[in-house]
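**Q** One structure, pasted below without further comment.
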Number of protein chains: 2
Amino acid sequence: MSKLVIVGTVAFDAIETPFGKTDKILGGAATFIGLAASQFNVDASVVSIVGGDFPQEYLDLLADRNIDISGVEIVKEGKTFFWSGKYHNDMNSRDTLITELNVLENFNPVVPSEYRDAEVVMLGNLHPMVQMSVLDQMESKPKLVILDTMNFWMDCALEDLLKVIKRIDVITINDEEARQLTGEYSLVVAAQRIHEMGPKYVVIKKGEHGALLFYNDNVFYAPALPLEEVFDPTGAGDTFAGGFAGYLAKTEDVSFENMKNAVIYGSTLASFCVEKFGTERMINLKSKDVHQRLQEFKNLTQFDIELT
Amino acid sequence: MSKLVIVGTVAFDAIETPFGKTDKILGGAATFIGLAASQFNVDASVVSIVGGDFPQEYLDLLADRNIDISGVEIVKEGKTFFWSGKYHNDMNSRDTLITELNVLENFNPVVPSEYRDAEVVMLGNLHPMVQMSVLDQMESKPKLVILDTMNFWMDCALEDLLKVIKRIDVITINDEEARQLTGEYSLVVAAQRIHEMGPKYVVIKKGEHGALLFYNDNVFYAPALPLEEVFDPTGAGDTFAGGFAGYLAKTEDVSFENMKNAVIYGSTLASFCVEKFGTERMINLKSKDVHQRLQEFKNLTQFDIELT
């Protein structure tokens, strides 16, 4: 099993959807990534920052799942990053109501020394220079570096983003962001452009329409499980990334064939994440639930045309 | 092999896309359905109507593929149905520029007597009462009736549409139309509502995002092949339906398992249709091309997670 380093936010979220609203609850990219990766019992470390207002019980949720939290800096006099958003009726678009960076404004990530030889690094959505700093701390080139990002950094830190993209193996990005990053409408062409920027593997997330994995001229398509209702999409993309990274860290096989499985695991875990508010579903997720849903994914996609 | 009756338009189209524009070329739902179904060498008959302005060579295109055209009424003094449309840059939306019903205004379809015992009936997009008339002419209940329709009939002939929907086995419809027909946003819930209206099988077409096949609580997802460019989407939905119907007529197996294969064949043929204007690609399509692309579909979707 490989070691896995996860960098990203650990945060408070307040969410409003057509189904209800929450007060401040546990959120953050690294939280969702960590919870998803923990399904594989990997040796993972979360690198992040929180304020003195962050409940110990939230950190314990990660620690109880064997995730190292020694890399989570606690700034006693500071406040935890807070995001609040409201989803529209179609659940595909949302308005950000509040973004309070708080301790995130001065985040200098420190990878714990015993994880500087980790084989897999998952750079969650953060300022590209913070992501770069984590890469710079690794003792040797990791076997696999995965990066997740968003349009915000393309708008305000594109040059830095391109620098870090150059150094990674896999990018996970949504369809509109892939189009923005490349100026190409066709996702096939967009993936080619992103290959040219550095990453050998490009994962394009299409929400309810699933995800595409590109590797040179090869492409793999994982559908999203059709759901009666999406209760809260928050964290689904991070959960996908966490499942993807966790599976690859566990199996130690970064071939394209095995990456297909990783995409399926990521999609499977994301399909749980959206069933309840925030991290609620992921915290109570049992491996037999995952197993059963993987079977549903198989039923969803497998067909039996004999080709000779 | 089952006999297949296809009813739908045989028409002129004039198309404008970001890649170019055409004069009046061969189009129509029954044309695309027939060309797709002909890939399976089925015993098919097209029931339609054209004017005296319709070139014999266009009809011969169907006849040359062993499609019976004795059910295509030629109104010498009439003009053929004409549709003209312009696609926007994203190719997912289009404006109708011209619709001239012409001979279609007085279309009373007549199923040739030797096809009134056909086991499979494909009701292409037309006024629901015309679709109903074809069903009424069948000597016995066909093994499988497939219906394609569109939002236009929901707007102006909903009551008739619901009557014919009650009598069919499979409906093929796009995502927005499924939502319009049921008032449900979730496609899973929309499919349940449509089941309640009659059809045991519901196929929801999502364009570049593929197609979903629902059967009670079972669902199957066929992706669309990610393409570098979609040249002209005209006829893709009809080609999908024709591949679906043709495969089922050929294999004489209307089980859910075999319908999955039919959806894959439909998606495969549709992926060719969009590569050139109108019917151009379908007319020159070789079975080895189809075979190769089916392999691409397998590569696109098959994964190898062992579930015990």
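In the structure tokens, chains take the letters A, B, ... in the order shown, each chain's residues start at 1, and ligands count up from 1 in the order shown.
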Compute the chain B side of the contact with chain A at 8 Å, counting only C-alpha atoms, and hand it back as a PyMOL selection string.

**A** chain B and resi 90+185-189+209+219-223+226-229+257+260-261+291+294-295+299-305+307

**Q** Write out, as a PDB file, in the first residue's frame, the residues just selected, with C-alpha atoms.

**A**
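Contents of the output file again_8.pdb:
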```pdb
ATOM      1  CA  ASP B  90     -22.642  24.300 -28.930  1.00  0.00           C
ATOM      2  CA  TYR B 185     -36.758  17.108 -13.106  1.00  0.00           C
ATOM      3  CA  SER B 186     -35.106  13.867 -12.003  1.00  0.00           C
ATOM      4  CA  LEU B 187     -34.849  11.539 -14.996  1.00  0.00           C
ATOM      5  CA  VAL B 188     -35.225   8.535 -12.689  1.00  0.00           C
ATOM      6  CA  VAL B 189     -38.544   9.858 -11.423  1.00  0.00           C
ATOM      7  CA  HIS B 209     -24.148  12.640 -22.684  1.00  0.00           C
ATOM      8  CA  VAL B 219     -31.327   1.163 -15.502  1.00  0.00           C
ATOM      9  CA  PHE B 220     -28.645   0.929 -18.172  1.00  0.00           C
ATOM     10  CA  TYR B 221     -26.428   3.789 -19.316  1.00  0.00           C
ATOM     11  CA  ALA B 222     -24.892   3.932 -22.780  1.00  0.00           C
ATOM     12  CA  PRO B 223     -22.471   6.826 -23.169  1.00  0.00           C
ATOM     13  CA  PRO B 226     -16.714  11.434 -27.123  1.00  0.00           C
ATOM     14  CA  LEU B 227     -16.021  13.012 -30.503  1.00  0.00           C
ATOM     15  CA  GLU B 228     -13.532  15.638 -31.570  1.00  0.00           C
ATOM     16  CA  GLU B 229     -16.305  17.393 -33.376  1.00  0.00           C
ATOM     17  CA  GLU B 257     -30.473  -7.703 -21.397  1.00  0.00           C
ATOM     18  CA  LYS B 260     -28.949  -2.995 -23.577  1.00  0.00           C
ATOM     19  CA  ASN B 261     -27.137  -4.243 -26.671  1.00  0.00           C
ATOM     20  CA  HIS B 291     -17.644  -3.398 -35.812  1.00  0.00           C
ATOM     21  CA  LEU B 294     -18.485  -1.197 -31.210  1.00  0.00           C
ATOM     22  CA  GLN B 295     -15.055  -2.213 -29.958  1.00  0.00           C
ATOM     23  CA  ASN B 299     -13.234   0.001 -24.435  1.00  0.00           C
ATOM     24  CA  LEU B 300     -15.036   3.165 -23.420  1.00  0.00           C
ATOM     25  CA  THR B 301     -17.252   1.532 -20.830  1.00  0.00           C
ATOM     26  CA  GLN B 302     -15.920  -1.825 -19.705  1.00  0.00           C
ATOM     27  CA  PHE B 303     -13.923  -2.105 -16.513  1.00  0.00           C
ATOM     28  CA  ASP B 304     -12.568  -4.943 -14.517  1.00  0.00           C
ATOM     29  CA  ILE B 305     -13.406  -4.640 -10.838  1.00  0.00           C
ATOM     30  CA  LEU B 307     -16.955  -8.262  -7.156  1.00  0.00           C
TER      31      LEU B 307
END
```

**Q** So that I can check the surroundings of segment 22-38 of chain A, please list as a VMD selection string every protein, DNA and RNA residue that reaches within 9 Å of it, counting only C-alpha atoms and ignoring chain neighbours fewer than 3 positions away.

**A** chain A and resid 4 6 to 16 41 to 48 58 61 to 62 65 to 67 81 to 84 122 to 126 234 to 247 249 266 269 to 270 273 277 to 280 282 to 283

**Q** Can you pull out the residues contacting segment 156-162 of chain B? Cut-off 8 Å, using only C-alpha atoms, and skip same-chain residues under 6 positions away; I want them as a PDB file with N, CA and C atoms, in the first residue's frame.

**A**
```pdb
ATOM      1  N   HIS B 127     -47.311  13.192 -36.081  1.00  0.00           N
ATOM      2  CA  HIS B 127     -48.508  13.422 -35.280  1.00  0.00           C
ATOM      3  C   HIS B 127     -48.944  12.093 -34.641  1.00  0.00           C
ATOM      4  N   PRO B 128     -49.255  12.124 -33.340  1.00  0.00           N
ATOM      5  CA  PRO B 128     -49.613  10.880 -32.642  1.00  0.00           C
ATOM      6  C   PRO B 128     -50.788  10.136 -33.280  1.00  0.00           C
ATOM      7  N   MET B 129     -51.713  10.846 -33.938  1.00  0.00           N
ATOM      8  CA  MET B 129     -52.838  10.157 -34.563  1.00  0.00           C
ATOM      9  C   MET B 129     -52.375   9.366 -35.792  1.00  0.00           C
ATOM     10  N   MET B 197     -47.510   5.596 -17.567  1.00  0.00           N
ATOM     11  CA  MET B 197     -48.335   5.971 -18.725  1.00  0.00           C
ATOM     12  C   MET B 197     -48.507   4.809 -19.699  1.00  0.00           C
TER      13      MET B 197
END
```

**Q** Could you tell me, as a list in words, which residues of segment 83-155 of chain A DSSP assigns to helix (DSSP H, G or I) when given the backbone?

**A** Asn102, Val103, Leu104, Glu105, Asn106, Ser113, Glu114, Tyr115, Pro128, Met129, Val130, Gln131, Met132, Ser133, Val134, Leu135, Asp136, Gln137, Asn151, Phe152, Trp153, Met154 and Asp155 of chain A

**Q** Just C-alpha atoms for this one: save the residues we selected as a PDB file, in the first residue's frame.

**A**
```pdb
ATOM      1  CA  ASN A 102      -9.819  33.446   7.629  1.00  0.00           C
ATOM      2  CA  VAL A 103      -6.791  31.228   8.501  1.00  0.00           C
ATOM      3  CA  LEU A 104      -6.508  30.177   4.865  1.00  0.00           C
ATOM      4  CA  GLU A 105      -5.109  33.611   4.008  1.00  0.00           C
ATOM      5  CA  ASN A 106      -1.789  32.678   5.592  1.00  0.00           C
ATOM      6  CA  SER A 113       8.332  14.398   7.690  1.00  0.00           C
ATOM      7  CA  GLU A 114       7.165  10.775   7.691  1.00  0.00           C
ATOM      8  CA  TYR A 115       4.966  11.477   4.675  1.00  0.00           C
ATOM      9  CA  PRO A 128      -1.821  26.757  -7.017  1.00  0.00           C
ATOM     10  CA  MET A 129       1.175  28.111  -5.102  1.00  0.00           C
ATOM     11  CA  VAL A 130       0.033  26.241  -2.003  1.00  0.00           C
ATOM     12  CA  GLN A 131      -0.287  23.104  -4.111  1.00  0.00           C
ATOM     13  CA  MET A 132       3.197  23.750  -5.514  1.00  0.00           C
ATOM     14  CA  SER A 133       4.646  24.159  -2.025  1.00  0.00           C
ATOM     15  CA  VAL A 134       3.454  20.671  -1.103  1.00  0.00           C
ATOM     16  CA  LEU A 135       5.090  19.211  -4.210  1.00  0.00           C
ATOM     17  CA  ASP A 136       8.337  21.024  -3.373  1.00  0.00           C
ATOM     18  CA  GLN A 137       8.422  19.375   0.061  1.00  0.00           C
ATOM     19  CA  ASN A 151     -12.311  28.165 -12.492  1.00  0.00           C
ATOM     20  CA  PHE A 152     -11.564  30.639  -9.685  1.00  0.00           C
ATOM     21  CA  TRP A 153      -7.806  29.977 -10.018  1.00  0.00           C
ATOM     22  CA  MET A 154      -7.987  30.213 -13.804  1.00  0.00           C
ATOM     23  CA  ASP A 155      -9.452  33.672 -13.379  1.00  0.00           C
TER      24      ASP A 155
END
```

**Q** Using only C-alpha atoms, which of the listed residues (A:Val274, A:Val203, A:Met1, A:Ile173) sits closest to Leu248 of chain A?

**A** A:Met1

**Q** Could you please write out, as a ChimeraX atom specification, every residue of segment 68-243 of chain B that DSSP assigns to strand (DSSP E)?

**A** /B:68,72-75,82-87,94-100,120-123,144-148,170-174,201-205,211-215,218-222

**Q** I'd like the neighbourhood of Val202 of chain B as a PyMOL selection string, where a residue qualifies if any of its atoms comes within 6 Å (using only C-alpha atoms), though same-chain residues fewer than 2 positions away should be ignored.

**A** chain B and resi 170-171+213-214

**Q** Hey, can you check how far atom CA of Gly183 of chain A sits from atom CA of Pro199 of chain A?

**A**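 Between these atoms lies a distance of 17.3 Å.
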